[in-house]
Every structure is written in structure tokens, then in C-alpha cells.
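Undergrad: Dropping in entry-v4.txt, with compact mmCIF, C-alpha atoms.
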```txt
# COMPACT_ATOMS: atom_id res chain seq x y z
CA MET T 4 160.08 130.96 83.03
CA PRO T 5 157.02 129.47 81.43
CA HIS T 6 154.50 131.03 83.80
CA ASP T 7 155.63 134.63 83.65
CA HIS T 8 154.49 135.89 80.27
CA HIS T 9 154.83 139.46 79.25
CA ASP T 10 153.72 139.56 75.64
CA HIS T 11 150.21 140.20 74.36
CA LEU T 12 148.74 140.73 77.79
CA SER T 13 145.97 142.88 79.09
CA PRO T 14 146.74 145.52 81.74
CA SER T 15 145.98 142.92 84.42
CA GLY T 16 148.73 140.71 83.07
CA HIS T 17 146.58 137.99 81.52
CA PRO T 18 145.86 137.07 77.91
CA PHE T 19 142.79 138.73 76.53
CA ARG T 20 139.78 136.45 76.29
CA ALA T 21 136.79 136.77 73.98
CA ASP T 22 133.81 137.81 75.98
CA ASP T 23 130.55 139.08 74.63
CA ASP T 24 130.84 137.43 71.22
CA VAL T 25 130.88 133.80 72.31
CA PRO T 26 127.75 131.65 72.08
CA LEU T 27 125.69 131.87 75.24
CA SER T 28 126.37 128.92 77.55
CA TYR T 29 124.04 127.32 80.11
CA TRP T 30 126.10 128.66 83.03
CA GLN T 31 126.36 132.16 81.58
CA THR T 32 122.58 132.08 81.25
CA MET T 33 122.40 131.18 84.93
CA GLU T 34 124.74 134.04 85.86
CA ILE T 35 122.56 136.56 84.02
CA ALA T 36 119.40 135.13 85.58
CA VAL T 37 120.79 135.06 89.14
CA ARG T 38 122.11 138.61 88.79
CA GLU T 39 118.82 139.93 87.44
CA LEU T 40 116.82 138.16 90.14
CA LEU T 41 119.09 139.59 92.85
CA ILE T 42 118.53 143.08 91.44
CA ALA T 43 114.78 142.54 91.04
CA LYS T 44 114.52 141.31 94.65
CA GLY T 45 116.43 144.33 95.93
CA VAL T 46 119.40 142.35 97.23
CA THR T 47 121.87 144.32 95.12
CA THR T 48 122.05 146.82 92.29
CA ALA T 49 123.83 146.92 88.94
CA ARG T 50 125.91 149.78 90.32
CA GLU T 51 127.00 147.76 93.35
CA ILE T 52 128.03 144.83 91.16
CA ALA T 53 130.01 147.12 88.85
CA SER T 54 131.71 148.74 91.85
CA GLN T 55 132.65 145.35 93.25
CA ILE T 56 134.18 144.37 89.90
CA GLU T 57 136.11 147.65 89.76
CA ALA T 58 137.46 147.06 93.26
CA MET T 59 138.53 143.56 92.29
CA ASP T 60 140.16 144.74 89.07
CA ALA T 61 142.13 147.30 91.06
CA ARG T 62 143.82 144.54 93.03
CA SER T 63 146.93 143.27 91.32
CA PRO T 64 150.35 141.87 92.20
CA ALA T 65 151.51 145.50 92.31
CA ASN T 66 149.88 145.63 95.77
CA GLY T 67 151.94 142.71 96.99
CA ALA T 68 155.08 144.09 95.36
CA ALA T 69 154.63 147.36 97.27
CA VAL T 70 154.35 145.40 100.53
CA VAL T 71 157.47 143.35 99.76
CA ALA T 72 159.50 146.41 98.78
CA ARG T 73 158.48 148.17 101.98
CA MET T 74 159.46 145.15 104.06
CA TRP T 75 162.86 145.20 102.36
CA SER T 76 163.28 148.92 103.06
CA ASP T 77 161.56 149.66 106.35
CA PRO T 78 162.54 147.64 109.46
CA ALA T 79 159.64 149.03 111.51
CA PHE T 80 157.12 147.94 108.88
CA CYS T 81 158.85 144.57 108.66
CA ALA T 82 158.37 144.14 112.39
CA GLN T 83 154.67 145.06 112.09
CA MET T 84 154.23 142.51 109.30
CA ARG T 85 155.72 139.80 111.49
CA VAL T 86 153.35 140.62 114.35
CA ASP T 87 150.13 141.18 112.36
CA ALA T 88 150.31 141.15 108.57
CA SER T 89 146.54 141.63 108.26
CA ALA T 90 146.73 144.96 110.12
CA ALA T 91 149.98 146.10 108.49
CA THR T 92 148.65 145.56 104.95
CA ARG T 93 145.28 147.05 105.86
CA GLU T 94 147.07 150.26 106.82
CA MET T 95 148.53 150.35 103.31
CA GLY T 96 144.99 150.15 101.91
CA PHE T 97 145.05 146.44 101.05
CA ASP T 98 142.28 145.07 103.26
CA VAL T 99 142.38 141.29 103.64
CA GLY T 100 138.93 141.35 105.26
CA PRO T 101 138.23 139.04 108.19
CA MET T 102 140.97 136.60 107.16
CA LYS T 103 144.32 136.19 108.87
CA LEU T 104 147.29 137.02 106.65
CA ILE T 105 150.73 135.59 107.34
CA ALA T 106 153.88 136.74 105.52
CA VAL T 107 156.43 133.95 105.12
CA GLU T 108 159.93 135.21 104.45
CA ASN T 109 162.49 133.52 102.24
CA THR T 110 166.12 133.46 103.32
CA ALA T 111 169.32 132.00 101.90
CA ASP T 112 168.39 128.66 103.52
CA LEU T 113 164.59 128.67 103.30
CA HIS T 114 162.17 128.95 100.39
CA ASN T 115 158.42 129.21 100.97
CA VAL T 116 155.62 128.20 98.61
CA ILE T 117 151.88 128.70 98.98
CA VAL T 118 149.09 126.44 97.77
CA CYS T 119 145.45 125.71 98.56
CA THR T 120 145.03 121.95 98.36
CA LEU T 121 141.29 122.07 99.12
CA CYS T 122 140.20 124.83 96.74
CA SER T 123 141.66 128.17 95.64
CA CYS T 124 142.37 130.31 98.70
CA TYR T 125 144.83 133.05 97.75
CA PRO T 126 145.93 136.45 99.10
CA ARG T 127 143.56 138.33 96.78
CA ASN T 128 144.07 141.66 98.54
CA LEU T 129 147.73 141.58 97.56
CA LEU T 130 147.79 139.62 94.29
CA GLY T 131 144.32 139.88 92.73
CA LEU T 132 142.53 136.76 91.53
CA PRO T 133 144.53 133.52 91.38
CA PRO T 134 145.88 132.28 88.04
CA ASP T 135 144.27 129.17 86.57
CA TRP T 136 147.26 126.93 87.26
CA TYR T 137 147.04 127.74 90.99
CA LYS T 138 143.55 126.17 90.94
CA SER T 139 144.60 123.16 88.84
CA ARG T 140 144.50 119.60 90.10
CA ALA T 141 148.22 119.20 89.40
CA TYR T 142 149.33 122.21 91.47
CA ARG T 143 146.93 121.49 94.33
CA SER T 144 147.84 117.81 94.49
CA ARG T 145 151.58 117.75 93.91
CA THR T 146 152.91 120.89 95.60
CA VAL T 147 152.61 119.36 99.07
CA ARG T 148 154.14 116.05 97.98
CA GLU T 149 156.97 117.00 95.61
CA PRO T 150 157.51 120.76 95.77
CA ARG T 151 160.99 120.62 94.25
CA ARG T 152 159.68 118.97 91.12
CA VAL T 153 156.79 121.42 90.90
CA LEU T 154 159.15 124.37 91.29
CA ALA T 155 161.44 122.94 88.60
CA GLU T 156 158.47 123.02 86.21
CA PHE T 157 158.31 126.76 86.87
CA GLY T 158 162.02 127.07 86.12
CA VAL T 159 162.99 127.40 89.79
CA THR T 160 165.74 124.98 90.81
CA LEU T 161 166.97 125.41 94.36
CA PRO T 162 170.16 123.98 95.88
CA ASP T 163 169.60 120.80 97.90
CA GLY T 164 170.61 122.65 101.06
CA VAL T 165 167.69 125.05 100.81
CA GLU T 166 164.70 123.93 102.85
CA ILE T 167 161.36 124.22 101.09
CA ARG T 168 158.34 124.94 103.27
CA VAL T 169 154.88 124.57 101.74
CA HIS T 170 151.99 126.50 103.29
CA ASP T 171 148.47 125.20 102.71
CA SER T 172 146.03 128.11 102.76
CA THR T 173 142.50 127.92 104.14
CA ALA T 174 139.32 129.94 103.83
CA ASP T 175 140.35 131.80 106.99
CA MET T 176 144.12 132.02 106.64
CA ARG T 177 146.13 133.35 103.71
CA TYR T 178 149.87 133.46 103.12
CA ILE T 179 152.13 135.65 101.04
CA VAL T 180 155.73 134.77 100.28
CA ILE T 181 158.25 137.54 100.89
CA PRO T 182 161.12 136.76 98.53
CA ALA T 183 164.67 137.48 99.67
CA ARG T 184 165.94 140.90 98.63
CA PRO T 185 168.24 140.51 95.64
CA ALA T 186 171.91 141.35 96.17
CA GLY T 187 173.09 144.51 94.47
CA THR T 188 170.00 146.57 95.34
CA GLU T 189 171.46 148.59 98.20
CA ASN T 190 170.09 152.16 98.28
CA TRP T 191 167.38 151.36 95.74
CA SER T 192 164.07 153.19 96.14
CA GLU T 193 160.95 151.25 97.17
CA ASP T 194 159.48 151.81 93.70
CA ALA T 195 162.57 150.43 92.00
CA LEU T 196 162.58 147.45 94.35
CA ALA T 197 158.89 146.78 93.79
CA ALA T 198 159.53 146.52 90.05
CA LEU T 199 161.67 143.45 90.74
CA VAL T 200 158.89 141.61 92.59
CA THR T 201 156.88 139.28 90.34
CA ARG T 202 153.55 137.67 91.15
CA ASP T 203 155.09 134.21 91.09
CA SER T 204 157.86 135.28 93.48
CA MET T 205 155.11 136.05 96.02
CA ILE T 206 153.50 132.62 95.46
CA GLY T 207 156.89 130.94 95.72
CA THR T 208 156.89 129.51 92.20
CA GLY T 209 159.24 132.25 91.02
CA LEU T 210 162.12 134.44 92.14
CA PRO T 211 162.42 138.23 91.95
CA LYS T 212 163.87 139.70 88.78
CA SER T 213 167.59 140.25 88.66
CA PRO T 214 168.65 143.84 89.42
CA GLU T 215 170.77 143.76 86.27
CA GLY T 216 167.54 143.44 84.29
CA GLY T 217 167.05 139.81 83.39
CA MET E 18 140.92 109.54 93.65
CA ASN E 19 138.15 107.35 94.99
CA ASP E 20 136.88 104.55 92.85
CA LYS E 21 133.41 103.26 93.63
CA THR E 22 134.81 99.80 94.26
CA ASP E 23 137.19 101.07 96.96
CA PRO E 24 136.09 101.60 100.54
CA PHE E 25 135.83 105.29 101.43
CA ASP E 26 139.20 106.36 102.78
CA GLY E 27 137.93 109.42 104.60
CA ARG E 28 138.99 111.92 101.95
CA ARG E 29 136.56 113.37 99.43
CA TRP E 30 137.61 114.28 95.91
CA HIS E 31 138.29 117.94 96.59
CA ASP E 32 140.78 116.95 99.31
CA MET E 33 143.44 116.26 96.69
CA GLY E 34 146.64 117.39 98.45
CA GLY E 35 149.33 114.72 98.03
CA ASP E 36 147.63 112.84 95.22
CA PRO E 37 149.69 111.97 92.15
CA ALA E 38 148.94 114.18 89.14
CA GLY E 39 150.47 115.33 85.86
CA PRO E 40 152.52 118.42 85.09
CA VAL E 41 151.21 121.79 86.26
CA PRO E 42 149.46 123.32 83.25
CA ASP E 43 150.78 126.63 81.97
CA ALA E 44 147.27 127.99 82.20
CA ASP E 45 146.02 131.46 82.88
CA HIS E 46 143.48 133.80 81.35
CA ASP E 47 142.05 137.24 81.81
CA PHE E 48 138.68 136.76 83.43
CA ALA E 49 135.64 137.31 81.26
CA LEU E 50 133.00 139.78 82.36
CA TRP E 51 130.54 137.03 83.28
CA GLU E 52 133.22 135.40 85.49
CA LYS E 53 133.94 138.67 87.24
CA ARG E 54 130.22 139.10 87.80
CA VAL E 55 130.01 135.66 89.41
CA ASP E 56 132.87 136.57 91.73
CA ALA E 57 131.21 139.88 92.58
CA LEU E 58 127.85 138.20 93.30
CA MET E 59 129.55 135.82 95.73
CA ILE E 60 131.20 138.67 97.63
CA ILE E 61 128.03 140.80 97.69
CA CYS E 62 125.70 137.97 98.73
CA SER E 63 128.04 136.69 101.43
CA SER E 64 128.69 140.19 102.79
CA LYS E 65 124.92 140.64 103.13
CA GLY E 66 124.53 137.39 105.02
CA HIS E 67 122.66 135.33 102.41
CA PHE E 68 125.23 132.58 102.68
CA SER E 69 128.83 132.07 103.72
CA VAL E 70 131.98 130.87 102.02
CA ASP E 71 131.33 127.59 103.80
CA GLY E 72 127.96 127.38 102.05
CA LEU E 73 129.66 128.01 98.73
CA ARG E 74 132.17 125.28 99.42
CA ARG E 75 129.61 122.81 100.73
CA VAL E 76 127.81 122.78 97.37
CA LEU E 77 131.09 122.73 95.40
CA GLU E 78 132.34 119.76 97.41
CA ASP E 79 129.03 117.89 97.06
CA MET E 80 129.39 118.02 93.28
CA PRO E 81 130.55 114.78 91.65
CA PRO E 82 134.31 114.50 90.99
CA SER E 83 133.65 114.81 87.26
CA SER E 84 132.44 118.39 87.76
CA PHE E 85 136.04 119.45 88.40
CA ASP E 86 137.04 118.40 84.90
CA GLU E 87 133.83 119.15 83.07
CA MET E 88 132.95 122.57 84.47
CA SER E 89 135.14 125.66 84.69
CA TYR E 90 135.85 127.33 88.01
CA TYR E 91 133.19 130.02 87.77
CA GLU E 92 130.68 127.60 86.26
CA ARG E 93 130.92 125.63 89.49
CA TRP E 94 130.66 128.84 91.48
CA ILE E 95 127.46 130.12 89.82
CA ALA E 96 125.84 126.69 90.29
CA SER E 97 126.72 126.84 93.98
CA ILE E 98 125.63 130.47 94.37
CA ALA E 99 122.25 129.71 92.79
CA GLN E 100 121.74 126.68 95.06
CA ASN E 101 122.63 128.69 98.18
CA LEU E 102 120.30 131.55 97.23
CA ILE E 103 117.43 129.13 96.66
CA GLU E 104 118.09 127.59 100.07
CA ASP E 105 118.16 131.06 101.63
CA GLY E 106 114.79 131.83 100.08
CA VAL E 107 115.99 134.75 97.94
CA PHE E 108 114.31 133.18 94.89
CA THR E 109 112.78 129.84 94.02
CA ALA E 110 114.05 127.22 91.62
CA ALA E 111 110.98 127.93 89.46
CA GLU E 112 111.81 131.64 89.30
CA LEU E 113 115.38 130.85 88.33
CA GLY E 114 114.23 128.43 85.61
CA GLN E 115 111.75 130.94 84.19
CA THR E 116 114.30 133.76 84.20
CA MET E 117 116.87 131.56 82.46
CA THR E 118 114.29 130.76 79.77
CA ASP E 119 113.60 134.46 79.31
CA VAL E 120 117.31 135.30 79.14
CA LYS E 121 117.98 132.65 76.50
CA GLN E 122 115.30 134.07 74.25
CA ARG E 123 117.08 137.41 74.01
CA GLY E 124 119.88 136.21 71.76
CA ALA E 125 122.53 133.67 70.92
CA THR E 126 125.54 135.42 72.48
CA TYR E 127 126.33 136.48 76.03
CA GLY E 128 126.32 140.12 74.97
CA ASP E 129 122.86 139.91 73.44
CA ALA E 130 121.37 137.93 76.31
CA ALA E 131 122.96 140.07 79.03
CA HIS E 132 122.06 143.42 77.55
CA GLY E 133 118.71 142.59 75.94
```
Translate this file's structure into C-alpha cells.
TA:
Amino acid sequence: MPHDHHDHLSPSGHPFRADDDVPLSYWQTMEIAVRELLIAKGVTTAREIASQIEAMDARSPANGAAVVARMWSDPAFCAQMRVDASAATREMGFDVGPMKLIAVENTADLHNVIVCTLCSCYPRNLLGLPPDWYKSRAYRSRTVREPRRVLAEFGVTLPDGVEIRVHDSTADMRYIVIPARPAGTENWSEDALAALVTRDSMIGTGLPKSPEGG
Amino acid sequence: MNDKTDPFDGRRWHDMGGDPAGPVPDADHDFALWEKRVDALMIICSSKGHFSVDGLRRVLEDMPPSSFDEMSYYERWIASIAQNLIEDGVFTAAELGQTMTDVKQRGATYGDAAHG
């Protein structure tokens, strides 16, 4: 699957990118200037900015995978998620903020995909920051028109009988896909189940890993 | 996509759902420190009421369509954040310009300019 890399990645699952050593750009200059002005004016502090970055870095698809594995294992939690996913995930420590979160569940006959056609809205509390392709013109434009073709580009080919439902996120409403629990995982622990849940399987552009280890 | 010769069809460039486009790029990267800082500034400033996510988006969507291809995601964001903060009266355009001039004089790389 072309979008699920596992080699040469940082702990957050992305390729490393050169940072401090690159020539200073106009927009980086603006970032430094805005940040320093905000600190000088007393709006924020360097410590607060660093804390915010740490909080953001701590959010990763592992959060979402824990939610999915618990839904697979715990019928009472599953019921809570269906009633109010914002509250249910907040209780696990993954605060979605003022937004409404909706969990959309895949079945044998239904496959869900999430997109933000207008910008880049994404369930950050459960998956971290969105990957670049999620924000690309191609993904934003085509997913609502020809989802089967888009999914095929991610290596996901679904039988014709499976309905595909595309959910367009907004600034106020976020979705997370709950992939179907793989067969052959009966009696697995939540931790073992969570290890099968990939980021892309919670966007809908991927499927969970095979329990045989594939 | 709107061409200047076409009548306005009611959709602006950012409203791109359903448009034809090429293959989805296999693109991803680990965010650079300056990008994470931009993201953090947005969350901090909006949580303190200086502007809202709607204000962020209003400036992003008022940018010309070419900005989507010519600027990166967080480049567009810092431009919008700066505009919103000027409108909110947190600092003036002149203060921003002067500070940017000062920052640039500290060095040729982000590390030098940010830590100088």
C-alpha cells in the first residue's frame, strides 16, 4: 500500500525533514516575527507555545487505534460511541474540543471514507495532524466524485456489492472510520487489536492489518 | 476551476469537491518546527479569542487560487494568522514589517534567525 510506509520514519510515522539548516524563507521569517510579537505583547509565552506543540505531538493514530480496539471489545463503550463519540473519546483522554465527533462503522456491506473538500478538517484528537495527501487538491476534489478509483490508488479494491459512503468533514464536525474487526481475532486483547489498526484504516483509505501479520 | 472568462458559478476555488483532478499524491512529511509553531499559534490565539477558525478560513479563501499551488499549507496559515492579528489590533502591519526585517538580519537559516 503506497501510503503506509514504515521505513526510515520518525517516531510520529513521517519521514524526517530538514529543519533548522534550510535557508530562511519569507514565511518562516513571518512565523518568527509573529511569534515574537505575540510574546512581546503578552498574548502568549514561549513556554505555552512549546507546551502546545508537545500536546500536539502526543496525538497520534495510536489514540484512534485504542478507540477502535475498545469499540471492538466493549459493547457498552460501542454504544456510548454511537450516542456521543465526542464524550466517549473525551473520557479516554482524547478531547475533540468543541467539535462534534461521529464514528462511522464499516461492515461487510458498507465502507466509509472521510475527506474535507473545503480545507483540511480531520479528527486530530484521534489521529494527530493530517497527512499531506489528505490536504491535496486531488484527494479533496475526487474522493466525493469517484471514491472507488481513489481507494484503488491506495491499494484498496472493494467488491462492487460494498456500498461506499463518503463523509465530508467541516470545521465543526469530524468523522472517524471504525474499520470492521478482522476475522480470526476472537479473544485478542485490546492492545493486540489496536496494533492492527492503521491510520489509513481510520480515514477509510486503508484496511486493518491482517491478524496473520501481513 | 473558475476561469476569468467564465461567469461565476457560485463556487469559489477552495470549494473543490467533485472537480476533476489527477492522481492522489503519495505525499506526507514530518512537520518542521516552524510549521508546528504556526499550528500552535493558531490554537493559542483562537483559544484566547483573538480570532476564530472562521477568520483563519476567511483569509485563506480570499487568497487567489494560485496560492494553493504556490504556497505550502502552513505558509498560507501564517499569512492568515498575521492578517487576523493585525485586524484584531494585536500588532500593526508596520510592527510586523519591522520585526521581520530584524529577524532576517540575524542569519541566513531558520535556526540562526529563530534563536538569534
Undergrad: Given a cut-off of 6 Å, which residues of chain E touch chain T, counting all atoms listed in the file, written out as a VMD selection string?
TA: chain E and resid 31 to 36 38 to 39 41 to 42 44 to 47 49 57 92 116 to 117 125 to 128
Undergrad: Would you be able to write out as a list in words which residues have an atom within 6 Å of (126.6, 122.9, 93.4) in the file's coordinates, counting all atoms listed in the file?
TA: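 Checking each residue against the 6 Å limit leaves Val76, Leu77, Met80, Ala96 and Ser97 of chain E.
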Undergrad: Which residues, written as a PyMOL selection string, have at least one atom at most 9 Å from segment 185-187 of chain T, with all atoms listed in the file counted and residues fewer than 6 positions away on the same chain left out?
TA: chain T and resi 199+211-215
Undergrad: Using only C-alpha atoms for the distances, tell me which of T:Ala72, T:Ala198, T:Ala91, T:Ile117 is nearest to Tyr178 of chain T.
TA: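 Looking only at the distances to Tyr178 of chain T, the closest residue turns out to be T:Ile117.
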Undergrad: How many Å separate atom CA of Tyr90 of chain E from atom CA of Ala106 of chain T?
TA: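 Atom CA of Ala106 of chain T lies at a distance of 26.8 Å from atom CA of Tyr90 of chain E.
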Undergrad: Could you jot down the atom CA of Arg50 of chain T to atom CA of Leu102 of chain E separation for me, Å, one decimal place?
TA: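 Value for the atom CA of Arg50 of chain T-atom CA of Leu102 of chain E distance: 20.3 Å.
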Undergrad: Calculate how many Å separate atom CA of Ala88 of chain T from atom CA of Ile105 of chain T, rounding to one decimal.
TA: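 Between atom CA of Ala88 of chain T and atom CA of Ile105 of chain T the gap is 5.7 Å.
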Undergrad: Residues within 8 Å of Arg202 of chain T, please, as a PyMOL selection string. Count only C-alpha atoms; anything in the same chain fewer than 6 positions from it doesn't count.
TA: chain T and resi 64+67-68+130+209
Undergrad: Just the selected residues (C-alpha atoms), exported as a short mmCIF file (atom, residue, chain, number, x, y, z; two decimals), keeping the file's coordinate frame, please.
TA:
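Result file is out20.cif:
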```
data_model
loop_
_atom_site.label_atom_id
_atom_site.label_comp_id
_atom_site.auth_asym_id
_atom_site.auth_seq_id
_atom_site.Cartn_x
_atom_site.Cartn_y
_atom_site.Cartn_z
CA PRO T 64 150.35 141.87 92.20
CA GLY T 67 151.94 142.71 96.99
CA ALA T 68 155.08 144.09 95.36
CA LEU T 130 147.79 139.62 94.29
CA GLY T 209 159.24 132.25 91.02
#
```
Undergrad: Just want the 8 Å neighbourhood of Tyr91 of chain E, counted on only C-alpha atoms, with same-chain residues fewer than 6 positions away dropped. Output as a list in words.
TA: Glu52, Val55 and Asp56 of chain E
Undergrad: Give me, as a ChimeraX atom specification, all polymer residues having an atom no more than 12 Å from Arg151 of chain T, counting all atoms listed in the file and skipping those fewer than 3 positions away in the same chain.
TA: /T:114-116,145-148,154-169,207-208
Undergrad: Mind checking which residues fall within 10 Å of Met95 of chain T, counting all atoms listed in the file, ignoring those fewer than 6 positions away in the same chain, and posting them as a PyMOL selection string?
TA: chain T and resi 66+69-70
Undergrad: Can you take segment 19-67 of chain E from the block and write C-alpha atoms as a PDB file, in the first residue's frame?
TA:
```pdb
ATOM      1  CA  ASN E  19     -13.027  29.264 -12.485  1.00  0.00           C
ATOM      2  CA  ASP E  20     -11.572  30.960 -15.492  1.00  0.00           C
ATOM      3  CA  LYS E  21     -11.876  34.725 -15.619  1.00  0.00           C
ATOM      4  CA  THR E  22     -13.801  34.488 -18.869  1.00  0.00           C
ATOM      5  CA  ASP E  23     -16.478  32.254 -17.320  1.00  0.00           C
ATOM      6  CA  PRO E  24     -19.396  33.651 -15.361  1.00  0.00           C
ATOM      7  CA  PHE E  25     -19.071  32.969 -11.631  1.00  0.00           C
ATOM      8  CA  ASP E  26     -20.783  29.656 -10.951  1.00  0.00           C
ATOM      9  CA  GLY E  27     -21.288  30.242  -7.244  1.00  0.00           C
ATOM     10  CA  ARG E  28     -18.333  28.145  -6.117  1.00  0.00           C
ATOM     11  CA  ARG E  29     -15.019  29.671  -5.110  1.00  0.00           C
ATOM     12  CA  TRP E  30     -11.725  27.911  -5.732  1.00  0.00           C
ATOM     13  CA  HIS E  31     -11.438  26.309  -2.312  1.00  0.00           C
ATOM     14  CA  ASP E  32     -14.820  24.624  -2.845  1.00  0.00           C
ATOM     15  CA  MET E  33     -13.199  21.926  -4.965  1.00  0.00           C
ATOM     16  CA  GLY E  34     -15.226  18.822  -4.054  1.00  0.00           C
ATOM     17  CA  GLY E  35     -16.233  16.987  -7.232  1.00  0.00           C
ATOM     18  CA  ASP E  36     -13.792  18.738  -9.537  1.00  0.00           C
ATOM     19  CA  PRO E  37     -11.663  16.600 -11.844  1.00  0.00           C
ATOM     20  CA  ALA E  38      -8.056  16.246 -10.699  1.00  0.00           C
ATOM     21  CA  GLY E  39      -5.027  14.000 -11.118  1.00  0.00           C
ATOM     22  CA  PRO E  40      -3.866  11.061  -9.023  1.00  0.00           C
ATOM     23  CA  VAL E  41      -3.672  11.497  -5.261  1.00  0.00           C
ATOM     24  CA  PRO E  42      -0.027  12.285  -4.498  1.00  0.00           C
ATOM     25  CA  ASP E  43       1.830   9.901  -2.216  1.00  0.00           C
ATOM     26  CA  ALA E  44       2.816  12.873  -0.116  1.00  0.00           C
ATOM     27  CA  ASP E  45       3.495  13.155   3.570  1.00  0.00           C
ATOM     28  CA  HIS E  46       6.182  14.673   5.750  1.00  0.00           C
ATOM     29  CA  ASP E  47       7.092  15.108   9.363  1.00  0.00           C
ATOM     30  CA  PHE E  48       6.219  18.670  10.237  1.00  0.00           C
ATOM     31  CA  ALA E  49       9.091  21.077  10.679  1.00  0.00           C
ATOM     32  CA  LEU E  50       9.400  23.028  13.903  1.00  0.00           C
ATOM     33  CA  TRP E  51       8.296  26.275  12.259  1.00  0.00           C
ATOM     34  CA  GLU E  52       5.155  24.524  10.933  1.00  0.00           C
ATOM     35  CA  LYS E  53       4.325  23.150  14.358  1.00  0.00           C
ATOM     36  CA  ARG E  54       4.778  26.626  15.774  1.00  0.00           C
ATOM     37  CA  VAL E  55       2.323  28.050  13.240  1.00  0.00           C
ATOM     38  CA  ASP E  56      -0.212  25.406  14.223  1.00  0.00           C
ATOM     39  CA  ALA E  57       0.349  26.147  17.907  1.00  0.00           C
ATOM     40  CA  LEU E  58      -0.048  29.914  17.372  1.00  0.00           C
ATOM     41  CA  MET E  59      -3.394  29.340  15.660  1.00  0.00           C
ATOM     42  CA  ILE E  60      -4.694  27.221  18.542  1.00  0.00           C
ATOM     43  CA  ILE E  61      -3.400  29.623  21.216  1.00  0.00           C
ATOM     44  CA  CYS E  62      -4.663  32.795  19.513  1.00  0.00           C
ATOM     45  CA  SER E  63      -8.080  31.329  18.751  1.00  0.00           C
ATOM     46  CA  SER E  64      -8.463  29.894  22.264  1.00  0.00           C
ATOM     47  CA  LYS E  65      -7.788  33.392  23.636  1.00  0.00           C
ATOM     48  CA  GLY E  66     -10.407  34.960  21.410  1.00  0.00           C
ATOM     49  CA  HIS E  67      -8.162  36.949  19.060  1.00  0.00           C
TER      50      HIS E  67
END
```
